[in-house]
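Encoded as structure tokens, the structure appears first; notes follow it.
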Amino acid sequence: MDNIIIERMKEEDIQQVAKILIDSWKIAYKDIIDETFLRNLNLEEKIEKLKQEYKVKEYTIARNKDTNEIVGVTRFGKRLDELDRFTEYDGEIYALYVKPGLLRKKIGSKLLLYAKEKLKEQGNHKMIIWCLKENQPSRMFYEGMGGILLGEKMRNIGGKDYPLVGYGYEI
């Protein structure tokens, strides 16, 4: 999609972003994360959480400039978890989601490259992104974008532990 602009999320974008996040989880993590947990994801709760977060946690969106529709979202910055063994990775992409139905249209690539460039501008040298180990489409995407598989860690989601894999990038 050549008609994509990348910009910081504004308050009026919160509802669209919340819907992308909820829908993405329900589709991408089906048969990976507990079905009851996914079924109970609540759009109104996500909207309220984003209203609280968006001023202090910078979300970046991909917008179709022709339709004004938000088609992807990412959040990135300094490493959140510096307790693992990948201490040389100083930047991190915390989240990267493309609106369901719009995969394979280069939106995720544009968001990842944008985050990589911004992290470099912020003085980072390497970045890491974590994804669910069983999420093969995301893993293939990160590998296709040049990510090097670094290792695993566990994450608790809804009271259950799931293995994550980390991909590293030079920036």
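How things are named: the first chain in the structure tokens is A, the next is B, and so on; residues count from 1 in each chain; ligands count from 1 in the order shown.
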request  = Once DSSP has gone over the backbone, tell me which residues of segment 14-153 of chain A are in strand (DSSP E or B), as a ChimeraX atom specification.
outcome  = /A:59-64,70-78,91-98,126-132,148-153
Near segment 90-111 of chain A, 8 Å: segment 12-61 of chain A residue rows, closest pairs, only C-alpha atoms, as a Markdown table:
| residue | atom | partner | partner_atom | distance |
| --- | --- | --- | --- | --- |
| A:Ile20 | CA | A:Lys99 | CA | 5.3 |
| A:Leu21 | CA | A:Tyr97 | CA | 6.8 |
| A:Asp23 | CA | A:Pro100 | CA | 6.9 |
| A:Ser24 | CA | A:Pro100 | CA | 6.1 |
| A:Ile27 | CA | A:Pro100 | CA | 7.6 |
| A:Ile61 | CA | A:Leu111 | CA | 7.9 |
Compile the contact shell of Ile148 of chain A as a compact mmCIF listing (two decimals) with C-alpha atoms, in the first residue's frame: residues with an atom at most 9 Å away, counting only C-alpha atoms, same-chain residues fewer than 5 positions apart removed.
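Output file around_18.txt is given in full below:
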# COMPACT_ATOMS: atom_id res chain seq x y z
CA TYR A 142 10.04 -11.20 11.58
CA GLU A 143 12.49 -13.61 9.97
CA GLY A 166 12.65 -13.03 20.60
CA TYR A 167 13.98 -11.70 17.30
CA GLY A 168 16.92 -9.33 17.21
CA TYR A 169 17.79 -6.66 14.67
key: Which residue of A:Ile14, A:Ile32, A:Ile128, A:Met154 approaches Gln52 of chain A most closely, using only C-alpha atoms   = A:Ile14
inquiry  = Please determine, counting only C-alpha atoms, which residue among A:Phe76, A:Tyr59, A:Trp25, A:Tyr89 has the shortest atom-to-atom distance to Phe37 of chain A.
reply    = A:Trp25
query = Using the chain letters and numbers from this document, which residues of chain A does DSSP assign to helix (DSSP H, G or I), as number ranges by chain?
reply = A: 11-28, 35-39, 43-53, 107-121, 136-144
What lies within 12 Å of Glu7 of chain A using only C-alpha atoms, ignoring chain neighbours under 6 positions off, as an mmCIF file with C-alpha atoms, in the first residue's frame?
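Writing done, so here's selection.cif:
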data_model
loop_
_atom_site.group_PDB
_atom_site.id
_atom_site.type_symbol
_atom_site.label_atom_id
_atom_site.label_comp_id
_atom_site.auth_asym_id
_atom_site.auth_seq_id
_atom_site.Cartn_x
_atom_site.Cartn_y
_atom_site.Cartn_z
ATOM 1 C CA ASP A 13 -7.835 7.332 16.934
ATOM 2 C CA GLU A 58 3.494 6.506 22.483
ATOM 3 C CA TYR A 59 1.477 4.511 19.984
ATOM 4 C CA THR A 60 2.252 4.914 16.295
ATOM 5 C CA ILE A 61 -0.360 4.204 13.656
ATOM 6 C CA ALA A 62 -0.421 3.455 9.957
ATOM 7 C CA ARG A 63 -3.236 5.348 8.266
ATOM 8 C CA ASN A 64 -4.639 4.998 4.774
ATOM 9 C CA LYS A 65 -4.394 8.624 3.643
ATOM 10 C CA ASN A 68 -8.399 7.975 6.819
ATOM 11 C CA ILE A 70 -6.190 3.151 10.593
ATOM 12 C CA VAL A 71 -4.674 -0.032 9.186
ATOM 13 C CA GLY A 72 -1.932 -0.826 11.711
ATOM 14 C CA VAL A 73 -0.433 0.103 15.051
ATOM 15 C CA THR A 74 2.911 -0.265 16.804
ATOM 16 C CA ARG A 75 4.495 0.782 20.062
ATOM 17 C CA LYS A 110 6.395 -0.120 7.010
ATOM 18 C CA LEU A 111 5.619 -0.046 10.732
ATOM 19 C CA TYR A 114 9.576 3.098 10.935
ATOM 20 C CA ALA A 115 10.072 1.809 14.494
ATOM 21 C CA LYS A 118 12.969 5.975 15.232
#
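Minimum atom-to-atom distances from A:Arg79, A:Arg139, A:Arg155, A:Arg85 to Lys126 of chain A were compared using only C-alpha atoms, and the lowest value belongs to A:Arg79.
Straight-line separation from atom CA of Lys57 of chain A to atom CA of Val17 of chain A: 13.6 Å.
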inquiry  = Could you list, as a list in words, every residue within 8 Å of segment 40-50 of chain A, counting only C-alpha atoms and ignoring same-chain residues fewer than 4 positions away?
reply    = Ile14, Gln15, Ala18, Lys19, Ile22, Thr36 and Tyr54 of chain A
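Among the candidates A:Ile33, A:Ile171, A:Leu113, A:Val165, the residue lying nearest to Ile129 of chain A is A:Val165 (atoms considered: only C-alpha atoms).
If you look at atom CA of Ala28 of chain A and atom CA of Cys131 of chain A, they are 11.0 Å away from each other.
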inquiry  = For a test of reading the model, state the distance in Å between atom CA of Phe141 of chain A and atom CA of Met9 of chain A, rounded to one decimal.
reply    = 23.8 Å
